[in-house]
file model-v5.cif (mmCIF, C-alpha atoms and all ligand atoms)
data_entry
loop_
_atom_site.group_PDB
_atom_site.id
_atom_site.type_symbol
_atom_site.label_atom_id
_atom_site.label_comp_id
_atom_site.auth_asym_id
_atom_site.auth_seq_id
_atom_site.Cartn_x
_atom_site.Cartn_y
_atom_site.Cartn_z
ATOM 1 C CA MET Q 1 116.120 100.774 72.903
ATOM 2 C CA LYS Q 2 116.324 99.749 76.549
ATOM 3 C CA GLU Q 3 113.278 101.844 77.433
ATOM 4 C CA ASP Q 4 111.023 100.396 74.723
ATOM 5 C CA SER Q 5 110.228 97.154 76.511
ATOM 6 C CA LEU Q 6 109.821 95.761 80.001
ATOM 7 C CA VAL Q 7 109.815 92.311 81.575
ATOM 8 C CA ILE Q 8 106.413 91.915 83.216
ATOM 9 C CA HIS Q 9 105.275 89.335 85.730
ATOM 10 C CA GLU Q 10 101.560 90.179 85.659
ATOM 11 C CA ILE Q 11 98.986 92.909 84.945
ATOM 12 C CA TYR Q 12 95.698 92.663 86.821
ATOM 13 C CA SER Q 13 93.071 94.602 88.748
ATOM 14 C CA SER Q 14 92.276 94.305 92.437
ATOM 15 C CA ILE Q 15 91.852 96.661 95.350
ATOM 16 C CA GLN Q 16 94.779 98.569 96.738
ATOM 17 C CA GLY Q 17 95.863 96.678 99.859
ATOM 18 C CA GLU Q 18 98.156 99.241 101.450
ATOM 19 C CA SER Q 19 99.069 102.934 101.555
ATOM 20 C CA THR Q 20 96.719 105.896 101.981
ATOM 21 C CA PHE Q 21 94.938 104.611 98.841
ATOM 22 C CA ALA Q 22 93.997 101.303 100.550
ATOM 23 C CA GLY Q 23 90.628 99.924 99.559
ATOM 24 C CA LEU Q 24 90.421 101.641 96.179
ATOM 25 C CA PRO Q 25 90.110 99.672 92.927
ATOM 26 C CA CYS Q 26 93.514 99.643 91.263
ATOM 27 C CA ALA Q 27 95.267 98.260 88.196
ATOM 28 C CA PHE Q 28 98.561 96.624 89.088
ATOM 29 C CA VAL Q 29 101.546 96.200 86.806
ATOM 30 C CA ARG Q 30 104.046 93.853 88.454
ATOM 31 C CA THR Q 31 107.515 93.896 86.935
ATOM 32 C CA THR Q 32 109.928 90.974 87.122
ATOM 33 C CA GLY Q 33 113.186 91.067 89.068
ATOM 34 C CA CYS Q 34 114.505 92.399 92.366
ATOM 35 C CA ASN Q 35 118.046 93.037 93.565
ATOM 36 C CA LEU Q 36 117.139 92.573 97.250
ATOM 37 C CA ARG Q 37 116.183 89.421 99.153
ATOM 38 C CA CYS Q 38 114.133 90.481 102.179
ATOM 39 C CA VAL Q 39 113.780 87.437 104.400
ATOM 40 C CA TRP Q 40 109.994 87.920 104.650
ATOM 41 C CA CYS Q 41 109.446 88.789 100.962
ATOM 42 C CA ASP Q 42 105.883 87.929 99.917
ATOM 43 C CA THR Q 43 106.460 88.063 96.142
ATOM 44 C CA PRO Q 44 109.485 85.829 95.453
ATOM 45 C CA GLN Q 45 107.624 84.504 92.412
ATOM 46 C CA ALA Q 46 108.438 87.847 90.742
ATOM 47 C CA PHE Q 47 112.215 87.407 91.105
ATOM 48 C CA ARG Q 48 112.557 85.677 87.738
ATOM 49 C CA GLY Q 49 110.658 84.632 84.658
ATOM 50 C CA GLY Q 50 108.095 87.051 83.278
ATOM 51 C CA THR Q 51 107.328 88.114 79.720
ATOM 52 C CA ARG Q 52 109.116 90.813 77.742
ATOM 53 C CA MET Q 53 106.492 93.235 76.416
ATOM 54 C CA ARG Q 54 106.572 96.457 74.408
ATOM 55 C CA ARG Q 55 106.058 99.444 76.660
ATOM 56 C CA GLY Q 56 103.060 100.546 74.618
ATOM 57 C CA GLU Q 57 101.387 97.197 75.214
ATOM 58 C CA VAL Q 58 101.967 97.425 78.964
ATOM 59 C CA LEU Q 59 100.416 100.884 78.923
ATOM 60 C CA SER Q 60 97.371 99.865 76.921
ATOM 61 C CA ARG Q 61 96.747 96.758 79.038
ATOM 62 C CA ALA Q 62 96.954 98.783 82.250
ATOM 63 C CA LEU Q 63 94.610 101.451 80.849
ATOM 64 C CA ALA Q 64 92.186 98.807 79.591
ATOM 65 C CA LEU Q 65 91.524 97.712 83.172
ATOM 66 C CA GLY Q 66 89.690 101.016 83.563
ATOM 67 C CA THR Q 67 90.558 101.981 87.127
ATOM 68 C CA PRO Q 68 91.415 105.598 87.979
ATOM 69 C CA LEU Q 69 94.322 104.296 90.069
ATOM 70 C CA VAL Q 70 97.327 102.411 88.644
ATOM 71 C CA GLU Q 71 100.277 101.010 90.591
ATOM 72 C CA ILE Q 72 103.591 99.804 89.245
ATOM 73 C CA THR Q 73 105.082 97.285 91.642
ATOM 74 C CA GLY Q 74 107.435 94.322 91.637
ATOM 75 C CA GLY Q 75 109.916 92.941 92.365
ATOM 76 C CA GLU Q 76 111.639 96.277 92.068
ATOM 77 C CA PRO Q 77 110.148 98.301 89.198
ATOM 78 C CA LEU Q 78 112.847 100.973 89.070
ATOM 79 C CA LEU Q 79 115.478 98.459 87.933
ATOM 80 C CA GLN Q 80 113.970 98.622 84.430
ATOM 81 C CA PRO Q 81 114.630 101.883 82.525
ATOM 82 C CA GLY Q 82 111.337 101.558 80.638
ATOM 83 C CA VAL Q 83 109.416 102.093 83.880
ATOM 84 C CA PHE Q 84 110.275 105.802 84.018
ATOM 85 C CA PRO Q 85 108.581 106.768 80.714
ATOM 86 C CA LEU Q 86 105.741 104.339 81.488
ATOM 87 C CA LEU Q 87 105.022 106.167 84.746
ATOM 88 C CA SER Q 88 104.900 109.480 82.886
ATOM 89 C CA GLU Q 89 102.630 108.063 80.178
ATOM 90 C CA LEU Q 90 100.198 106.790 82.795
ATOM 91 C CA CYS Q 91 100.128 110.267 84.364
ATOM 92 C CA ASP Q 92 99.592 111.815 80.917
ATOM 93 C CA SER Q 93 96.585 109.495 80.537
ATOM 94 C CA GLY Q 94 94.967 111.088 83.567
ATOM 95 C CA LYS Q 95 95.579 108.239 85.994
ATOM 96 C CA THR Q 96 96.570 108.581 89.617
ATOM 97 C CA VAL Q 97 99.835 106.654 89.631
ATOM 98 C CA LEU Q 98 101.698 104.909 92.446
ATOM 99 C CA VAL Q 99 105.072 103.206 92.331
ATOM 100 C CA GLU Q 100 106.144 100.786 95.064
ATOM 101 C CA THR Q 101 109.885 100.791 95.502
ATOM 102 C CA SER Q 102 112.291 99.154 97.910
ATOM 103 C CA GLY Q 103 114.256 102.202 99.070
ATOM 104 C CA GLU Q 104 117.430 100.864 97.450
ATOM 105 C CA ALA Q 105 116.683 101.954 93.881
ATOM 106 C CA ASP Q 106 117.307 105.599 92.971
ATOM 107 C CA VAL Q 107 113.980 107.479 92.776
ATOM 108 C CA ALA Q 108 115.422 110.710 91.338
ATOM 109 C CA ARG Q 109 114.095 110.030 87.816
ATOM 110 C CA VAL Q 110 110.515 109.259 88.873
ATOM 111 C CA ASP Q 111 107.993 111.735 87.400
ATOM 112 C CA ARG Q 112 107.018 114.222 90.111
ATOM 113 C CA ARG Q 113 103.318 113.563 89.466
ATOM 114 C CA VAL Q 114 103.762 109.955 90.659
ATOM 115 C CA HIS Q 115 103.117 109.036 94.280
ATOM 116 C CA LYS Q 116 106.180 107.122 95.451
ATOM 117 C CA VAL Q 117 105.503 104.496 98.124
ATOM 118 C CA MET Q 118 109.022 103.837 99.334
ATOM 119 C CA ASP Q 119 110.162 101.223 101.835
ATOM 120 C CA LEU Q 120 112.823 101.864 104.380
ATOM 121 C CA LYS Q 121 114.131 98.382 105.076
ATOM 122 C CA CYS Q 122 114.329 97.526 108.778
ATOM 123 C CA PRO Q 123 117.073 95.276 110.190
ATOM 124 C CA GLY Q 124 114.701 92.295 110.395
ATOM 125 C CA SER Q 125 114.430 92.272 106.600
ATOM 126 C CA GLY Q 126 118.132 91.445 106.301
ATOM 127 C CA GLU Q 127 118.493 94.284 103.758
ATOM 128 C CA SER Q 128 118.704 97.362 105.980
ATOM 129 C CA ARG Q 129 122.226 98.224 104.831
ATOM 130 C CA ARG Q 130 120.879 98.705 101.297
ATOM 131 C CA ASN Q 131 118.695 101.727 102.139
ATOM 132 C CA ARG Q 132 119.659 104.593 99.819
ATOM 133 C CA TRP Q 133 119.305 107.470 102.247
ATOM 134 C CA SER Q 134 119.787 110.091 99.516
ATOM 135 C CA ASN Q 135 116.331 109.037 98.234
ATOM 136 C CA LEU Q 136 114.813 110.976 101.127
ATOM 137 C CA GLU Q 137 115.758 114.193 99.306
ATOM 138 C CA HIS Q 138 113.183 113.251 96.644
ATOM 139 C CA ILE Q 139 110.321 112.455 99.036
ATOM 140 C CA GLY Q 140 107.603 115.105 99.146
ATOM 141 C CA PRO Q 141 104.159 115.546 100.719
ATOM 142 C CA GLY Q 142 102.484 113.376 98.061
ATOM 143 C CA ASP Q 143 104.797 110.435 98.708
ATOM 144 C CA GLU Q 144 104.642 107.730 101.356
ATOM 145 C CA ILE Q 145 107.341 105.992 103.401
ATOM 146 C CA LYS Q 146 106.634 102.454 104.504
ATOM 147 C CA PHE Q 147 108.136 100.343 107.283
ATOM 148 C CA VAL Q 148 107.444 96.620 107.555
ATOM 149 C CA LEU Q 149 108.360 95.401 111.033
ATOM 150 C CA ALA Q 150 109.321 91.887 112.023
ATOM 151 C CA ASP Q 151 109.703 92.528 115.765
ATOM 152 C CA ARG Q 152 110.228 95.069 118.551
ATOM 153 C CA ALA Q 153 113.837 95.692 117.464
ATOM 154 C CA ASP Q 154 112.542 96.818 114.077
ATOM 155 C CA TYR Q 155 110.052 99.109 115.809
ATOM 156 C CA ASP Q 156 112.820 100.741 117.864
ATOM 157 C CA TRP Q 157 114.913 101.179 114.698
ATOM 158 C CA MET Q 158 111.967 102.822 112.934
ATOM 159 C CA ARG Q 159 111.307 105.199 115.819
ATOM 160 C CA GLU Q 160 114.951 106.309 115.730
ATOM 161 C CA VAL Q 161 114.913 106.789 111.938
ATOM 162 C CA ILE Q 162 111.715 108.863 112.048
ATOM 163 C CA SER Q 163 113.292 111.165 114.600
ATOM 164 C CA VAL Q 164 116.903 111.401 113.374
ATOM 165 C CA ARG Q 165 115.992 111.697 109.677
ATOM 166 C CA GLU Q 166 113.132 114.116 110.474
ATOM 167 C CA LEU Q 167 110.734 112.162 108.280
ATOM 168 C CA PRO Q 168 107.529 114.061 109.265
ATOM 169 C CA ARG Q 169 109.166 117.158 107.746
ATOM 170 C CA ARG Q 170 109.159 115.410 104.337
ATOM 171 C CA THR Q 171 105.778 113.656 104.362
ATOM 172 C CA LYS Q 172 102.917 113.037 106.761
ATOM 173 C CA ASN Q 173 102.355 109.651 105.126
ATOM 174 C CA LEU Q 174 104.442 107.337 107.300
ATOM 175 C CA LEU Q 175 103.053 103.822 107.030
ATOM 176 C CA VAL Q 176 103.819 100.960 109.381
ATOM 177 C CA SER Q 177 102.732 97.351 109.349
ATOM 178 C CA GLY Q 178 103.904 94.080 110.850
ATOM 179 C CA VAL Q 179 105.215 91.188 108.807
ATOM 180 C CA PHE Q 180 102.018 89.266 108.136
ATOM 181 C CA GLY Q 181 101.628 86.384 110.591
ATOM 182 C CA LYS Q 182 104.796 87.316 112.505
ATOM 183 C CA LEU Q 183 104.157 90.553 114.427
ATOM 184 C CA ASP Q 184 100.818 90.853 116.206
ATOM 185 C CA PRO Q 185 99.240 94.166 115.047
ATOM 186 C CA ARG Q 186 97.808 94.636 118.535
ATOM 187 C CA HIS Q 187 101.356 94.947 119.906
ATOM 188 C CA LEU Q 188 102.230 97.388 117.165
ATOM 189 C CA VAL Q 189 99.219 99.581 117.955
ATOM 190 C CA GLN Q 190 100.079 99.523 121.652
ATOM 191 C CA TRP Q 191 103.688 100.638 121.015
ATOM 192 C CA VAL Q 192 102.600 103.414 118.644
ATOM 193 C CA LEU Q 193 100.090 104.761 121.167
ATOM 194 C CA GLU Q 194 102.603 104.590 124.039
ATOM 195 C CA ASP Q 195 105.130 106.618 122.029
ATOM 196 C CA GLY Q 196 102.652 108.909 120.269
ATOM 197 C CA LEU Q 197 104.375 108.194 116.957
ATOM 198 C CA PRO Q 198 103.084 110.148 113.921
ATOM 199 C CA VAL Q 199 102.514 107.028 111.829
ATOM 200 C CA ARG Q 200 99.600 105.298 110.142
ATOM 201 C CA VAL Q 201 99.275 101.656 111.233
ATOM 202 C CA GLN Q 202 98.062 99.567 108.328
ATOM 203 C CA ILE Q 203 96.953 96.025 107.728
ATOM 204 C CA GLN Q 204 97.642 94.471 104.325
ATOM 205 C CA LEU Q 205 94.002 94.246 103.212
ATOM 206 C CA HIS Q 206 94.684 91.916 100.296
ATOM 207 C CA LYS Q 207 96.176 89.342 102.671
ATOM 208 C CA VAL Q 208 93.310 89.553 105.140
ATOM 209 C CA ILE Q 209 90.764 89.168 102.336
ATOM 210 C CA TRP Q 210 92.499 86.385 100.404
ATOM 211 C CA SER Q 211 94.324 84.488 103.145
ATOM 212 C CA PRO Q 212 93.135 80.891 103.488
ATOM 213 C CA ASP Q 213 91.858 81.730 106.987
ATOM 214 C CA ALA Q 214 89.668 84.648 105.879
ATOM 215 C CA THR Q 215 86.061 84.091 106.881
ATOM 216 C CA GLY Q 216 83.387 84.138 104.214
ATOM 217 C CA VAL Q 217 79.697 84.943 104.554
HETATM 218 S S1 LIG Q 301 112.367 94.594 97.909
HETATM 219 FE FE1 LIG Q 301 110.267 93.821 97.771
HETATM 220 S S2 LIG Q 301 110.285 92.321 96.092
HETATM 221 FE FE2 LIG Q 301 112.433 92.723 96.654
HETATM 222 S S3 LIG Q 301 112.931 91.093 98.115
HETATM 223 FE FE3 LIG Q 301 112.254 92.882 99.308
HETATM 224 S S4 LIG Q 301 110.041 92.576 99.631
HETATM 225 FE FE4 LIG Q 301 110.694 91.177 97.954
#
call {"tool": "encode", "arguments": {"input": "model-v5.cif", "output": "structure tokens", "more": "lines below"}}
Ligand code: SF4
result
Amino acid sequence: MKEDSLVIHEIYSSIQGESTFAGLPCAFVRTTGCNLRCVWCDTPQAFRGGTRMRRGEVLSRALALGTPLVEITGGEPLLQPGVFPLLSELCDSGKTVLVETSGEADVARVDRRVHKVMDLKCPGSGESRRNRWSNLEHIGPGDEIKFVLADRADYDWMREVISVRELPRRTKNLLVSGVFGKLDPRHLVQWVLEDGLPVRVQIQLHKVIWSPDATGV
């Protein structure tokens, strides 16, 4: 059965680096494979390889990490049919469950108890034409929409999308960050304040903490 197994890149615990859950201990299940190629992708190691595992084993290894929060990420998790029942099983186990998805994959089948953290790909990613706009119909107050900006042109695109697609009507959780090391967050904050945009500026905590330049004590 296609849903009985998944190809997994890694299962580990850390803190949540992004989203409104940032800073919380979290178990991560990273699936292998992605059908996009964002120019600034920070997980190209998950494009191929991985280990095929029974879905029950993935579930038990994620639960064994013991965190109240579990995230399925990738790559693109929703490419694998086994992810949909896995998400539901994690919810059934009492976990708070997040799924990170690119905005291209169809989110219609995702269990409604799951918090979807969905990208809308900006032009600077090189994959903007792949946004599946019909996904917005499945975004509710418990979900989050994420923009990763490479430059001012991406910011202007985002501002237009927020307005034309009436995103605040769907969710108050609109997340924006700059491509790490490319867009100065101080510029981003300045633009957001000038425009009074209803977004949450975020820094990818995991990169700040574990970048080679992070300062120790
Ligand atoms: S969708 Fe995510 S994993 Fe896929 S190429 Fe883009 S950033 Fe990388």
call {"tool": "resolve_selection", "arguments": {"input": "model-v5.cif", "expression": "the PyMOL selection byres (((not hetatm)) within 6 of (chain Q and resi 301))", "output": "list in words"}}
result
Cys34, Leu36, Arg37, Cys38, Cys41, Thr43, Gly74, Gly75, Glu76 and Ser102 of chain Q
call {"tool": "residues_around", "arguments": {"input": "model-v5.cif", "residues": "Q:Pro123", "least_positions_apart": "5", "cutoff": "10 Å", "atoms": "only C-alpha atoms", "output": "ChimeraX atom specification"}}
result
/Q:38,128-129,149-151,153-155,157-158
call {"tool": "resolve_selection", "arguments": {"input": "model-v5.cif", "expression": "the PyMOL selection byres (((chain Q and resi 9) around 7) and not hetatm)", "output": "JSON, numbers by chain"}}
result
{"Q": [7, 8, 10, 30, 31, 32, 46, 50, 51]}
call {"tool": "atom_distance", "arguments": {"input": "model-v5.cif", "atom1": "atom CA of Q:Pro68", "atom2": "atom CA of Q:Ala22"}}
result
13.5 Å
call {"tool": "atom_distance", "arguments": {"input": "model-v5.cif", "atom1": "atom CA of Q:Thr171", "atom2": "atom CA of Q:Ile209"}}
result
28.8 Å
call {"tool": "closest_residue", "arguments": {"input": "model-v5.cif", "among": "Q:Ser125, Q:Ser5, Q:Thr67, Q:Gln80", "to": "Q:Val39", "atoms": "only C-alpha atoms"}}
result
Q:Ser125
